[in-house]
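A.B. asks: Please find entry.txt (compact mmCIF, C-alpha atoms and all ligand atoms) on the next line:
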```txt
# COMPACT_ATOMS: atom_id res chain seq x y z
CA MET A 1 12.00 15.05 -26.14
CA ASN A 2 12.87 11.74 -27.80
CA GLN A 3 13.92 8.41 -26.21
CA ASP A 4 17.66 9.18 -26.58
CA GLN A 5 17.33 12.56 -24.89
CA ARG A 6 15.28 11.05 -22.08
CA LYS A 7 17.95 8.44 -21.40
CA THR A 8 20.24 11.20 -20.18
CA ILE A 9 17.63 12.35 -17.65
CA SER A 10 17.91 10.62 -14.30
CA VAL A 11 15.00 10.25 -11.91
CA ALA A 12 15.25 9.13 -8.28
CA ILE A 13 12.09 7.55 -6.89
CA ILE A 14 11.68 7.28 -3.14
CA GLY A 15 9.38 4.42 -2.12
CA ALA A 16 8.78 1.04 -3.78
CA GLY A 17 5.07 0.77 -3.02
CA ILE A 18 2.66 0.36 -5.92
CA ALA A 19 2.77 4.11 -6.74
CA GLY A 20 6.58 4.29 -6.89
CA LEU A 21 6.78 1.08 -8.92
CA SER A 22 4.10 2.23 -11.33
CA CYS A 23 5.83 5.59 -11.81
CA ALA A 24 9.23 3.97 -12.33
CA THR A 25 7.83 1.42 -14.79
CA ARG A 26 6.26 4.10 -16.95
CA LEU A 27 9.25 6.45 -16.76
CA LYS A 28 11.52 3.62 -17.81
CA ALA A 29 9.21 2.68 -20.68
CA LEU A 30 9.31 6.32 -21.80
CA GLY A 31 13.11 6.22 -21.87
CA PHE A 32 14.18 7.83 -18.57
CA THR A 33 16.93 6.43 -16.38
CA VAL A 34 15.38 5.55 -13.03
CA GLN A 35 16.65 4.54 -9.60
CA ILE A 36 14.37 3.54 -6.72
CA TYR A 37 15.23 3.82 -3.01
CA GLU A 38 13.19 1.76 -0.54
CA LYS A 39 13.56 1.75 3.23
CA SER A 40 12.46 -1.84 3.82
CA ARG A 41 13.94 -5.05 2.42
CA GLY A 42 11.20 -5.74 -0.09
CA VAL A 43 8.79 -4.06 -2.47
CA SER A 44 5.03 -3.46 -2.29
CA GLY A 45 4.66 -1.19 0.75
CA ARG A 46 1.14 -1.49 2.10
CA MET A 47 0.28 -4.26 -0.42
CA SER A 48 2.23 -6.53 1.81
CA THR A 49 2.37 -10.11 2.99
CA ARG A 50 3.66 -11.38 6.33
CA LYS A 51 5.44 -14.74 5.98
CA ALA A 52 6.54 -17.42 8.43
CA ASP A 53 7.70 -21.01 7.85
CA ASP A 54 4.24 -22.53 7.72
CA TRP A 55 1.93 -19.62 7.02
CA SER A 56 1.58 -16.35 5.19
CA ALA A 57 -1.01 -13.60 5.43
CA ASP A 58 -1.80 -10.44 3.51
CA HIS A 59 -1.79 -7.96 6.35
CA GLY A 60 -2.13 -4.69 4.41
CA ALA A 61 -4.39 -4.37 1.36
CA GLN A 62 -6.82 -7.29 1.27
CA TYR A 63 -7.90 -7.12 -2.35
CA PHE A 64 -8.22 -4.47 -5.03
CA THR A 65 -10.81 -3.44 -7.56
CA ALA A 66 -10.29 -1.99 -11.04
CA ARG A 67 -12.63 0.67 -12.43
CA ASP A 68 -10.46 2.96 -14.59
CA SER A 69 -9.82 1.61 -18.10
CA LEU A 70 -6.03 2.18 -17.83
CA PHE A 71 -5.90 0.21 -14.61
CA ILE A 72 -8.18 -2.54 -15.94
CA GLU A 73 -5.73 -3.01 -18.83
CA GLU A 74 -2.83 -3.22 -16.37
CA VAL A 75 -4.61 -5.67 -14.07
CA ASN A 76 -5.44 -7.88 -17.05
CA GLN A 77 -1.69 -8.13 -17.71
CA TRP A 78 -1.05 -9.08 -14.09
CA VAL A 79 -3.70 -11.78 -14.37
CA ASP A 80 -2.23 -13.05 -17.67
CA THR A 81 1.19 -13.39 -16.03
CA ASP A 82 -0.24 -15.04 -12.87
CA ALA A 83 0.81 -12.13 -10.65
CA ALA A 84 -2.85 -11.61 -9.72
CA ALA A 85 -6.17 -13.42 -9.87
CA ILE A 86 -9.82 -12.87 -9.09
CA TRP A 87 -10.83 -13.80 -5.55
CA ASN A 88 -14.37 -15.01 -4.98
CA PRO A 89 -14.82 -15.20 -1.21
CA ARG A 90 -18.04 -16.20 0.51
CA LEU A 91 -18.61 -12.64 1.64
CA ARG A 92 -20.85 -11.41 4.44
CA VAL A 93 -21.74 -8.07 5.98
CA TYR A 94 -22.35 -7.48 9.70
CA GLU A 95 -24.57 -4.49 10.32
CA ALA A 96 -26.85 -3.45 13.18
CA LYS A 97 -25.83 -6.70 14.93
CA GLN A 98 -27.20 -8.76 12.02
CA TRP A 99 -25.44 -10.86 9.40
CA ARG A 100 -26.37 -10.78 5.73
CA GLU A 101 -24.82 -11.97 2.48
CA SER A 102 -22.92 -9.31 0.51
CA VAL A 103 -24.73 -8.37 -2.69
CA SER A 104 -21.71 -6.77 -4.38
CA SER A 105 -20.73 -8.48 -7.63
CA GLU A 106 -17.63 -6.39 -8.40
CA HIS A 107 -14.47 -8.34 -9.29
CA ARG A 108 -12.04 -8.47 -6.38
CA TYR A 109 -8.42 -9.13 -7.29
CA VAL A 110 -5.53 -10.34 -5.14
CA GLY A 111 -1.84 -10.82 -5.85
CA THR A 112 -0.88 -14.48 -6.34
CA PRO A 113 0.51 -16.39 -4.58
CA ALA A 114 0.61 -13.42 -2.16
CA MET A 115 -0.52 -9.81 -2.21
CA ASN A 116 3.07 -8.60 -2.60
CA SER A 117 3.42 -10.65 -5.83
CA VAL A 118 2.06 -7.68 -7.78
CA GLY A 119 4.86 -5.44 -6.50
CA LYS A 120 7.44 -8.15 -7.19
CA HIS A 121 6.11 -8.48 -10.72
CA LEU A 122 6.38 -4.73 -11.34
CA ALA A 123 9.84 -4.57 -9.77
CA ARG A 124 11.39 -7.40 -11.78
CA ASN A 125 13.22 -5.11 -14.25
CA LEU A 126 13.69 -2.03 -12.09
CA PRO A 127 16.85 -0.93 -10.25
CA ILE A 128 16.01 -0.76 -6.55
CA GLU A 129 18.24 -0.14 -3.56
CA PHE A 130 16.70 -1.67 -0.44
CA ASN A 131 17.31 -0.74 3.20
CA GLN A 132 17.75 2.88 2.20
CA THR A 133 15.64 5.25 4.27
CA ILE A 134 15.96 8.60 2.57
CA ASP A 135 15.93 11.14 5.38
CA ARG A 136 17.22 14.31 3.66
CA ILE A 137 16.87 15.78 0.19
CA ALA A 138 18.27 18.99 -1.30
CA TYR A 139 18.03 20.69 -4.69
CA ASN A 140 21.35 22.26 -5.64
CA ASN A 141 22.52 23.55 -9.02
CA SER A 142 19.62 21.83 -10.81
CA LYS A 143 20.42 18.46 -9.24
CA TRP A 144 18.72 16.50 -6.48
CA LEU A 145 20.98 15.22 -3.71
CA LEU A 146 19.81 12.47 -1.37
CA HIS A 147 20.93 11.32 2.05
CA SER A 148 20.05 7.95 3.53
CA LEU A 149 19.88 6.98 7.17
CA GLU A 150 21.76 3.76 6.52
CA ALA A 151 24.34 4.81 3.90
CA GLY A 152 24.83 8.55 4.37
CA ASP A 153 25.16 10.72 1.25
CA ILE A 154 24.05 9.01 -1.96
CA GLU A 155 26.75 9.49 -4.55
CA GLN A 156 24.54 9.75 -7.61
CA GLN A 157 22.78 13.07 -8.27
CA PHE A 158 19.46 13.28 -10.10
CA ASP A 159 17.68 15.59 -12.53
CA TRP A 160 14.23 14.73 -11.17
CA LEU A 161 12.90 13.50 -7.85
CA VAL A 162 9.70 11.50 -7.31
CA ILE A 163 8.39 11.09 -3.77
CA ALA A 164 6.08 8.06 -3.61
CA LEU A 165 5.36 7.97 0.13
CA PRO A 166 2.27 8.25 2.35
CA ALA A 167 1.31 11.89 2.98
CA PRO A 168 2.87 12.35 6.45
CA GLN A 169 6.19 10.85 5.32
CA ALA A 170 6.19 12.83 2.06
CA GLN A 171 5.53 16.00 3.99
CA ALA A 172 8.26 15.37 6.55
CA LEU A 173 10.84 14.71 3.85
CA ALA A 174 9.95 17.46 1.39
CA LYS A 175 8.64 20.39 3.41
CA SER A 176 11.92 22.29 3.34
CA SER A 177 12.09 22.01 -0.48
CA ASP A 178 8.41 22.43 -1.35
CA LYS A 179 6.74 24.67 1.25
CA SER A 180 3.14 24.03 0.17
CA ILE A 181 3.35 20.24 0.54
CA GLU A 182 2.78 20.60 4.28
CA GLU A 183 -0.74 21.95 3.91
CA ILE A 184 -1.67 19.62 1.05
CA ALA A 185 -0.46 16.51 2.85
CA ALA A 186 -2.24 17.46 6.09
CA ASP A 187 -5.56 17.35 4.20
CA ALA A 188 -5.06 13.64 3.54
CA ASN A 189 -5.70 12.97 7.24
CA MET A 190 -4.19 9.50 7.08
CA LEU A 191 -5.36 7.11 9.80
CA GLY A 192 -3.65 4.09 11.29
CA CYS A 193 -4.82 0.49 11.36
CA TRP A 194 -4.29 -2.27 13.92
CA THR A 195 -4.05 -5.64 12.17
CA VAL A 196 -4.21 -9.02 13.88
CA ILE A 197 -3.15 -12.24 12.16
CA ALA A 198 -4.47 -15.47 13.68
CA ASN A 199 -3.00 -18.87 12.71
CA PHE A 200 -4.97 -22.01 13.41
CA ALA A 201 -3.65 -25.57 13.49
CA GLU A 202 -6.97 -26.74 12.05
CA LYS A 203 -9.45 -25.37 9.59
CA SER A 204 -12.05 -23.25 11.37
CA ASP A 205 -15.75 -23.80 10.73
CA VAL A 206 -16.65 -20.12 10.29
CA PRO A 207 -19.30 -20.12 7.53
CA PHE A 208 -17.75 -17.34 5.40
CA ASP A 209 -14.36 -16.36 3.96
CA ALA A 210 -14.50 -12.62 4.51
CA ALA A 211 -16.75 -10.06 6.12
CA PHE A 212 -17.24 -6.31 6.26
CA ILE A 213 -18.08 -5.38 9.85
CA ASN A 214 -19.91 -2.19 10.71
CA ASP A 215 -20.11 -0.30 14.01
CA GLU A 216 -17.63 -2.51 15.86
CA ILE A 217 -13.93 -2.21 16.74
CA ILE A 218 -13.26 -4.54 13.81
CA SER A 219 -14.05 -3.48 10.25
CA TRP A 220 -12.85 -6.52 8.25
CA ILE A 221 -12.00 -10.18 8.71
CA SER A 222 -10.85 -12.64 6.09
CA ARG A 223 -9.53 -16.15 5.67
CA ASN A 224 -6.26 -15.91 3.74
CA ASN A 225 -6.51 -19.53 2.62
CA SER A 226 -9.61 -18.73 0.61
CA LYS A 227 -7.53 -16.59 -1.75
CA PRO A 228 -6.14 -18.25 -4.91
CA ASN A 229 -2.85 -20.19 -4.68
CA ARG A 230 -2.43 -19.86 -0.90
CA THR A 231 -0.83 -22.72 1.02
CA GLY A 232 0.04 -23.34 4.67
CA MET A 233 -1.90 -23.08 7.91
CA GLU A 234 -5.40 -21.67 8.21
CA THR A 235 -4.77 -17.94 8.68
CA TRP A 236 -7.17 -15.07 9.31
CA THR A 237 -6.47 -11.36 8.98
CA ILE A 238 -8.46 -9.00 11.18
CA HIS A 239 -8.42 -5.23 10.68
CA ALA A 240 -9.60 -2.86 13.37
CA ASN A 241 -11.57 0.07 12.01
CA PRO A 242 -9.61 3.24 11.11
CA GLN A 243 -11.16 5.55 13.72
CA TRP A 244 -10.71 3.10 16.59
CA SER A 245 -7.19 2.25 15.41
CA GLN A 246 -6.21 5.90 15.26
CA GLU A 247 -7.65 6.62 18.69
CA TRP A 248 -5.74 3.68 20.21
CA ILE A 249 -2.66 3.70 17.98
CA GLU A 250 -0.26 4.01 20.94
CA LEU A 251 -1.74 1.06 22.89
CA GLU A 252 0.61 -1.76 23.88
CA LYS A 253 0.41 -4.44 21.20
CA ASP A 254 -0.84 -7.13 23.62
CA GLU A 255 -3.64 -4.90 24.83
CA ALA A 256 -4.70 -3.95 21.30
CA ALA A 257 -4.74 -7.64 20.33
CA LYS A 258 -6.82 -8.52 23.39
CA ARG A 259 -9.50 -5.95 22.57
CA ILE A 260 -9.63 -6.89 18.89
CA LEU A 261 -9.80 -10.62 19.64
CA ASN A 262 -12.62 -10.10 22.17
CA CYS A 263 -14.57 -8.42 19.42
CA ALA A 264 -13.70 -11.20 16.95
CA LYS A 265 -15.09 -13.76 19.40
CA THR A 266 -18.44 -11.99 19.54
CA LEU A 267 -18.48 -12.16 15.74
CA GLY A 268 -17.94 -15.92 15.77
CA LEU A 269 -14.18 -16.10 15.20
CA ASP A 270 -12.76 -17.63 18.37
CA CYS A 271 -8.98 -17.22 18.31
CA ASP A 272 -8.24 -18.73 21.76
CA GLN A 273 -6.34 -21.64 20.17
CA ALA A 274 -4.66 -19.54 17.48
CA ILE A 275 -1.13 -18.16 17.33
CA ILE A 276 -1.47 -14.39 17.24
CA THR A 277 0.64 -11.75 15.51
CA ILE A 278 -0.23 -8.06 15.59
CA HIS A 279 0.92 -5.22 13.36
CA ARG A 280 0.47 -1.48 13.83
CA TRP A 281 0.08 0.50 10.58
CA ARG A 282 0.69 4.14 11.40
CA TYR A 283 -0.47 5.42 8.00
CA ALA A 284 -2.95 2.98 6.51
CA SER A 285 -5.61 5.01 4.73
CA GLY A 286 -6.73 8.52 3.85
CA HIS A 287 -6.70 10.81 0.87
CA ILE A 288 -7.29 14.41 -0.06
CA ASN A 289 -10.79 15.05 -1.30
CA CYS A 290 -10.13 17.01 -4.48
CA ILE A 291 -8.18 14.09 -6.11
CA PRO A 292 -5.44 15.94 -8.00
CA GLY A 293 -3.95 12.59 -9.08
CA PHE A 294 -0.39 13.66 -8.32
CA ARG A 295 1.62 16.77 -7.40
CA PHE A 296 4.12 18.21 -9.83
CA ARG A 297 6.53 21.17 -9.60
CA GLU A 298 8.32 21.74 -12.89
CA ASP A 299 10.37 24.61 -11.41
CA LEU A 300 11.83 22.27 -8.78
CA LYS A 301 11.80 19.11 -10.89
CA ILE A 302 9.94 17.27 -8.15
CA GLY A 303 6.78 15.14 -8.23
CA PHE A 304 4.65 13.38 -5.62
CA CYS A 305 2.52 10.32 -6.16
CA GLY A 306 0.65 7.89 -3.94
CA ASP A 307 -2.81 6.65 -3.05
CA TRP A 308 -3.51 9.77 -0.96
CA LEU A 309 -3.37 11.97 -4.09
CA HIS A 310 -5.69 9.73 -6.11
CA GLY A 311 -8.65 8.72 -3.97
CA GLY A 312 -6.82 6.14 -1.85
CA ARG A 313 -6.47 2.39 -2.41
CA VAL A 314 -4.36 0.27 -4.73
CA GLU A 315 -5.97 1.48 -7.94
CA GLY A 316 -5.43 5.12 -6.98
CA ALA A 317 -1.79 4.49 -6.06
CA TRP A 318 -1.04 2.82 -9.40
CA LEU A 319 -2.83 5.52 -11.41
CA SER A 320 -1.10 8.29 -9.47
CA GLY A 321 2.38 6.94 -10.28
CA HIS A 322 1.49 6.30 -13.90
CA LYS A 323 0.03 9.77 -14.47
CA LEU A 324 2.90 11.55 -12.74
CA ALA A 325 5.36 9.78 -15.06
CA SER A 326 3.41 10.94 -18.11
CA GLN A 327 3.41 14.50 -16.77
CA ILE A 328 7.18 14.44 -16.27
CA ALA A 329 7.62 13.19 -19.83
CA ASN A 330 5.40 15.98 -21.16
CA SER A 331 7.20 18.75 -19.27
C1 LIG B 1 -4.39 -2.37 6.66
C2 LIG B 1 -4.60 -1.89 5.26
C3 LIG B 1 -5.67 -2.39 4.52
C4 LIG B 1 -5.86 -1.96 3.21
N1 LIG B 1 -6.87 -2.51 2.47
C5 LIG B 1 -6.99 -2.18 1.16
C6 LIG B 1 -7.89 -2.87 0.32
O1 LIG B 1 -8.54 -3.81 0.74
N2 LIG B 1 -7.99 -2.46 -0.98
C7 LIG B 1 -7.22 -1.46 -1.50
O2 LIG B 1 -7.33 -1.15 -2.70
N3 LIG B 1 -6.33 -0.81 -0.72
C8 LIG B 1 -6.19 -1.16 0.58
N4 LIG B 1 -5.26 -0.54 1.37
C9 LIG B 1 -4.54 0.62 0.82
C10 LIG B 1 -3.43 0.20 -0.15
O3 LIG B 1 -2.59 -0.73 0.48
C11 LIG B 1 -2.68 1.46 -0.52
O4 LIG B 1 -3.59 2.37 -1.12
C12 LIG B 1 -1.53 1.27 -1.51
O5 LIG B 1 -0.84 0.08 -1.29
C13 LIG B 1 -0.62 2.49 -1.35
O6 LIG B 1 0.49 2.41 -2.20
P1 LIG B 1 1.56 3.60 -2.21
O7 LIG B 1 2.62 3.20 -3.16
O8 LIG B 1 0.85 4.89 -2.43
O9 LIG B 1 2.14 3.69 -0.74
P2 LIG B 1 2.96 2.57 0.14
O10 LIG B 1 2.47 1.21 -0.20
O11 LIG B 1 2.82 3.04 1.53
O12 LIG B 1 4.44 2.73 -0.38
C14 LIG B 1 5.38 3.61 0.18
C15 LIG B 1 6.74 2.92 0.23
O13 LIG B 1 7.71 3.86 0.65
C16 LIG B 1 8.59 3.25 1.57
N5 LIG B 1 9.17 4.33 2.38
C17 LIG B 1 8.57 5.06 3.36
N6 LIG B 1 9.40 6.02 3.81
C18 LIG B 1 10.55 5.90 3.09
C19 LIG B 1 11.78 6.62 3.08
N7 LIG B 1 12.00 7.67 3.90
N8 LIG B 1 12.76 6.23 2.22
C20 LIG B 1 12.56 5.17 1.38
N9 LIG B 1 11.40 4.47 1.35
C21 LIG B 1 10.41 4.83 2.19
C22 LIG B 1 7.71 2.28 2.33
O14 LIG B 1 8.47 1.25 2.94
C23 LIG B 1 6.80 1.76 1.22
O15 LIG B 1 7.35 0.63 0.58
C24 LIG B 1 -5.01 -0.97 2.66
C25 LIG B 1 -3.93 -0.50 3.40
C26 LIG B 1 -3.71 -0.96 4.69
C27 LIG B 1 -2.52 -0.49 5.45
```
Could you render the structure as structure tokens?
C.D. replies:
Amino acid sequence: MNQDQRKTISVAIIGAGIAGLSCATRLKALGFTVQIYEKSRGVSGRMSTRKADDWSADHGAQYFTARDSLFIEEVNQWVDTDAAAIWNPRLRVYEAKQWRESVSSEHRYVGTPAMNSVGKHLARNLPIEFNQTIDRIAYNNSKWLLHSLEAGDIEQQFDWLVIALPAPQAQALAKSSDKSIEEIAADANMLGCWTVIANFAEKSDVPFDAAFINDEIISWISRNNSKPNRTGMETWTIHANPQWSQEWIELEKDEAAKRILNCAKTLGLDCDQAIITIHRWRYASGHINCIPGFRFREDLKIGFCGDWLHGGRVEGAWLSGHKLASQIANS
């Protein structure tokens, strides 16, 4: 298939997280006509940033690493265009009730000036319809038909469909079209995450910028201001650990915040004077163990991509979308 032939092939992509954006970018570069549908009002999904007038905080992914050569090449481009930069926090580990310095020397990258800058960078030349929650799909006469919660039936019909959603959402949307997705997605066992953001009027004197915490309710804390190009109030992000979060995912927000902040205090981050925001991630992390990379059904002209199909994390999400696009082009 050459570029001209591909132009006549339309692909709908559901989800403008890093996987959907990566898939759309590559499909477009290969000549396909793409259209993205995103339920929220911005791109980036779990690589997100919460913003207020005088502060902002990355409340999903905290940083990302790059190990695969394809992804390293991509990240280098993000760095060259100032969409990302290396973050060098003073990093500690809390283990068996003891603090120690982190010995890891791996590069940690963050979006700049915010984590969602990477998604914005990828999205700059892509057609995206926001506030479109796709809640029904159907394959009829070799065309995909979509229905959105907000707008009803989508007029355009598509030759291919890419589902770039977390496993439980992908499964709920596609199970009537692709029966085996239910079992595959269940294996991802995605867990939630309670996230607290604490804003301080003054700089805190905590002697580190970020810490991995073991065997406590909290698994991670970090000072957003220590990341490159951040401005505004001193802001800390606190993640509860996945198992605890999942167990208590239905707690009232105030109660979850209280328990997490009590734990933070014992770790030396006293948030009594801080303004607190809390966010409940229902599907934060998890992936299937065999790492297929993506799921692809040529007979149905449907593909699935996302972190859960590629080992989890930002790198996996980007690679999953990229590889699925190549597979569609080779079909
Ligand atoms: C709290 C937390 C901490 C994390 N920390 C790290 C970290 O430090 N390092 C790291 O590498 N990774 C981290 N991750 C994981 C990382 O964020 C993800 O691996 C990656 O962002 C997943 O991208 P994705 O495109 O696969 O999915 P998502 O980012 O979830 O994208 C899916 C998109 O689909 C949209 N959507 C959902 N349903 C619909 C629908 N029906 N119709 C239309 N659109 C829909 C969503 O709004 C979203 O934009 C963290 C995640 C969380 C939540």
A.B. asks: With all atoms listed in the file as the basis for distance, which of A:Phe212, A:Tyr283, A:Phe71, A:Arg50 is at the shortest distance from Ser104 (chain A)?
C.D. replies: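 Closest candidate: A:Phe212.
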A.B. asks: Give as a PyMOL selection string the residues surrounding ligand LIG 1 (chain B) up to a distance of 7 Å, considering all atoms listed in the file.
C.D. replies: chain A and resi 14-20+37-40+43-47+59-65+132-135+164-166+169+193+195+239+281+283-285+305-308+312-317
A.B. asks: Counting all atoms listed in the file, what is within 9 Å of region 251-253 of chain A, bar same-chain residues fewer than 3 positions away, as a ChimeraX atom specification?
C.D. replies: /A:194,248,256-258,278-280
A.B. asks: Of the residues A:Asp159, A:Val110, A:Arg124, A:Leu27, which is the one nearest to Asn141 (chain A), using all atoms listed in the file?
C.D. replies: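 Using all atoms listed in the file, Asn141 (chain A) sits closest to A:Asp159.
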A.B. asks: Would you list the contacts of Ala12 (chain A) as an NGL selection string, taking every protein, DNA or RNA residue within 8 Å and counting all atoms listed in the file, but skipping same-chain residues closer than 2 positions in sequence?
C.D. replies: :A and (10 or 14 or 34-37 or 158 or 160-162)
A.B. asks: Which residue out of A:Ala240, A:Ile302, A:Ile218, A:Ile275 has the minimum interatomic distance to Trp144 (chain A) when all atoms listed in the file are used?
C.D. replies: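 Among the listed residues, the smallest separation from Trp144 (chain A) belongs to A:Ile302.
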A.B. asks: Give me, please, the distance in Å between CA of Val75 (chain A) and CA of Ala167 (chain A), quoted to one decimal.
C.D. replies: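 Straight-line distance from CA of Val75 (chain A) to CA of Ala167 (chain A) works out to 25.2 Å.
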A.B. asks: Need the shell around Asn2 (chain A): protein/DNA/RNA residues with any atom at most 12 Å away, counting all atoms listed in the file. Skip same-chain ones fewer than 6 positions apart. Format as a ChimeraX atom specification?
C.D. replies: /A:8-9,30-32,329-330
A.B. asks: Tell me, in Å to one decimal, how far CA of Leu91 (chain A) is from CA of Glu234 (chain A).
C.D. replies: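 Taking CA of Leu91 (chain A) as the start and CA of Glu234 (chain A) as the end point, the length is 17.3 Å.
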A.B. asks: One decimal, Å: what's the distance from CA of Gln327 (chain A) over to CA of Gly111 (chain A), could you say?
C.D. replies: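 Between CA of Gln327 (chain A) and CA of Gly111 (chain A) the gap works out to 28.1 Å.
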A.B. asks: With all atoms of region 80-91 of chain A from the file as input, state the centre and edge lengths in Å to one decimal of the axis-aligned box that has 5 Å extra on each side, as AutoDock Vina command-line options.
C.D. replies:
```
--center_x -8.7 --center_y -13.9 --center_z -8.0 --size_x 29.8 --size_y 14.6 --size_z 29.3
```
A.B. asks: I'd like to know which of A:Trp220, A:Phe294, A:Phe200, A:Trp87 is closest to Ile163 (chain A), using all atoms listed in the file.
C.D. replies: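 Using all atoms listed in the file, Ile163 (chain A) sits closest to A:Phe294.
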A.B. asks: Pull the neighbourhood of (-13.6, 1.4, 14.6) for me: all residues within 10 Å in file coordinates, counting all atoms listed in the file, as an MDAnalysis selection string.
C.D. replies: chainID A and resid 193 213:219 239:248
A.B. asks: Here is a test: counting only C-alpha atoms, which residue of A:Val93, A:Ala57, A:Val196, A:Lys28 is nearest to Arg259 (chain A)?
C.D. replies: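 Looking only at the distances to Arg259 (chain A), the closest residue turns out to be A:Val196.
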